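Have a look at the structure below, then the notes.
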Amino acid sequence: MAKLEYTFRRDTLFKMLFCKKPKLLKCLISQLLGIKLNRIRQFEILNTEIPPDIFGTKFCRFDIVMLINGQRVVLEVQDKNLGNYGERSLYYASREYSISLEEGQDYAKIPRVILINIINFSLFEVTKFYSEVQPLEVECHAPLTDKMTIGYYDLTKLPEKLDKRNLKLLWLCLFKADTDERLKEIKELGVEIMSEAVDTYYDIVSSKEFKELERLRLKAKNDEFLALNSSFNKGEKKGAKDERKKWQGVVAEKDALIEELKKQLAEKK
C-alpha cells in the first residue's frame, strides 16, 4: 500500500483545506456537533489565514476557530500525544472561554465554547471513540455549567469497515486514512461530499502554496533543533568546565595536605 506523505491529520493541510473549502468544513462540523446543515444559521471562520511567521513561534497551533449559531467552536487535530494533551486541551478551552466575554459584559452573556479534538491516540480507557468533558460536581456529577465542553474523537477506536450511511464516521475515517488506497475506498463509496474532500486533498498537497508552507515548517523545525542543540552543547561545555574547576580545587587541597604532612614528618626527624 502507498503510504500518504501527508494525511488529513497534517495541521497545515487540515487548516488550508477547510479554510479554502468552508463548505466541507461546515459539513464536517454539522456531523461532529450533531446539527443538521439547514439548522446552521451562523457560520463564520475567525482565523482563516496561516501567517508565515507563525512557524517561528514556539508551540504554534493550526486550529480553526468558528462562530456557529452563537457558539464559539474550535476544531483541532493532533497526531501524537506528547504526554500533556489533557492539560493542553483544558488550557486552550479555558483560554477561549475567557476571551469570549467582552469587557463590561455580564458573565451570563458568555457564549458556549466547544473545543473539538480529533486525536490519533487514546486519552481515556474506554472502548467508544468519542468522549466529552464538562466541569461537573464530583459526587453527583451535576454540571457546573454547560458553557464549556471539550470533545475528543479518538481515531484509534474507529471501526475499520466503511459505512456510506454514516457520514460522521466517514469524515473521521478520512482523518484516520494513512494510504492512497484508503482514500480511494472512501471516494468509491459514491458519497459526493467525501469525493469532493478527497479531490480537494490532492489539489492542496500538489499546490505551490502548501509546498511553501511545508518548506517553512521544515526550516523552522531544523532551526529549532539547531538552537536547542547549540544551547545543549554550550551548557555541556560550561558544565564540563565547572566540573573541571571543582576537581582541580579538590586536587589542590589534597596536594597542600600532603605537603603539610611531609613537612610535619621532616620536623619530627
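As shown in the C-alpha cells, the chain order sets the letters A, B, ...; within each chain, residues go from 1, and ligands are also counted from 1 in the order they appear.
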Next item on the list: Excluding Asn120 in chain A and any residue of its chain fewer than 3 positions from it, enumerate the residues within 12 Å of it, using only C-alpha atoms, and give them as number ranges by chain.
Entry: A: 7-10, 76-82, 85, 117, 123, 129, 152-158, 172-173, 175-178
Expected file: the selected residues, C-alpha atoms, as a PDB file, in the first residue's frame:
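Printed below is again.pdb as written:
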```
ATOM      1  CA  THR A   7      -2.513  12.795   5.965  1.00  0.00           C
ATOM      2  CA  PHE A   8      -5.604  14.805   6.865  1.00  0.00           C
ATOM      3  CA  ARG A   9      -4.002  14.995  10.324  1.00  0.00           C
ATOM      4  CA  ARG A  10      -1.234  17.237   8.976  1.00  0.00           C
ATOM      5  CA  GLU A  76      -8.045  20.982  16.377  1.00  0.00           C
ATOM      6  CA  VAL A  77      -6.294  17.877  15.066  1.00  0.00           C
ATOM      7  CA  GLN A  78      -3.444  16.192  16.927  1.00  0.00           C
ATOM      8  CA  ASP A  79      -1.487  13.239  15.558  1.00  0.00           C
ATOM      9  CA  LYS A  80       0.741  12.464  18.543  1.00  0.00           C
ATOM     10  CA  ASN A  81       0.397  12.671  22.291  1.00  0.00           C
ATOM     11  CA  LEU A  82       3.386  14.371  23.897  1.00  0.00           C
ATOM     12  CA  TYR A  85      -2.618  16.690  25.905  1.00  0.00           C
ATOM     13  CA  ASN A 117     -10.210  17.475  19.292  1.00  0.00           C
ATOM     14  CA  LEU A 123      -6.703   9.575  26.369  1.00  0.00           C
ATOM     15  CA  PHE A 129     -14.380   6.648  20.001  1.00  0.00           C
ATOM     16  CA  TYR A 152     -12.357  14.084  21.861  1.00  0.00           C
ATOM     17  CA  TYR A 153     -12.711  11.918  18.755  1.00  0.00           C
ATOM     18  CA  ASP A 154     -10.250   9.035  19.128  1.00  0.00           C
ATOM     19  CA  LEU A 155      -9.296   7.792  15.651  1.00  0.00           C
ATOM     20  CA  THR A 156      -7.629   4.660  17.038  1.00  0.00           C
ATOM     21  CA  LYS A 157     -11.017   3.318  18.149  1.00  0.00           C
ATOM     22  CA  LEU A 158     -12.903   3.730  14.877  1.00  0.00           C
ATOM     23  CA  LEU A 172     -13.332  10.550  10.826  1.00  0.00           C
ATOM     24  CA  CYS A 173     -12.077   7.706   8.622  1.00  0.00           C
ATOM     25  CA  PHE A 175      -8.696  11.800   9.073  1.00  0.00           C
ATOM     26  CA  LYS A 176      -7.502   8.323  10.016  1.00  0.00           C
ATOM     27  CA  ALA A 177      -6.538   7.315   6.454  1.00  0.00           C
ATOM     28  CA  ASP A 178      -2.801   6.659   6.011  1.00  0.00           C
TER      29      ASP A 178
END
```
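What separates CA of Lys3 in chain A from CA of Lys211 in chain A is a distance of 18.1 Å.
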Checklist line | DSSP strand (DSSP E or B) residues within range 46-112 of chain A, listed as an MDAnalysis selection string | finding: chainID A and resid 64:68 71:78
Next item on the list: Could you give me, as a ChimeraX atom specification, the residues within 12 Å of Ser207 in chain A, counting only C-alpha atoms and dropping anything in the same chain fewer than 5 positions from it?
Entry: /A:13,16-17,200-202,212-214
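Between Ile118 in chain A and the candidates A:Lys147, A:Asn222, A:Glu192, A:Asp63, the tightest atom-to-atom separation, counting only C-alpha atoms, involves A:Asp63.
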Notebook entry, point to check: Tell me, which residues of range 2-188 of chain A carry DSSP helix (DSSP H, G or I), written as a VMD selection string?
Noted result: chain A and resid 11 to 20 22 to 33 37 to 39 52 to 56 85 to 99 107 to 109 155 to 157 167 to 176 180 to 187
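Using only C-alpha atoms, the nearest neighbour of Arg72 in chain A within the list A:Leu33, A:Ile114, A:Ile45, A:Leu218 is A:Ile114.
You will find CA of Val113 in chain A at 14.4 Å from CA of Glu44 in chain A.
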Next item on the list: Work out how far apart CA of Val133 in chain A and CA of Ile116 in chain A are and give it in Å to one decimal.
Entry: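 The value is 10.6 Å.
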Check: Closest to Glu185 in chain A among A:Lys23, A:Lys128, A:Lys161, A:His141, using only C-alpha atoms?
Finding: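 Counting only C-alpha atoms, the residue closest to Glu185 in chain A is A:Lys161.
Near Lys21 in chain A, within 12 Å and counting only C-alpha atoms, sit Leu13, Phe14, Lys15, Met16, Leu17, Phe18, Leu24, Leu25, Lys26, Cys27, Leu28, Ile45, Thr48, Ile193, Glu196, Ala197, Val198, Asp199, Thr200, Tyr201, Asp203 and Ile204 of chain A; same-chain residues fewer than 3 positions away were not included.
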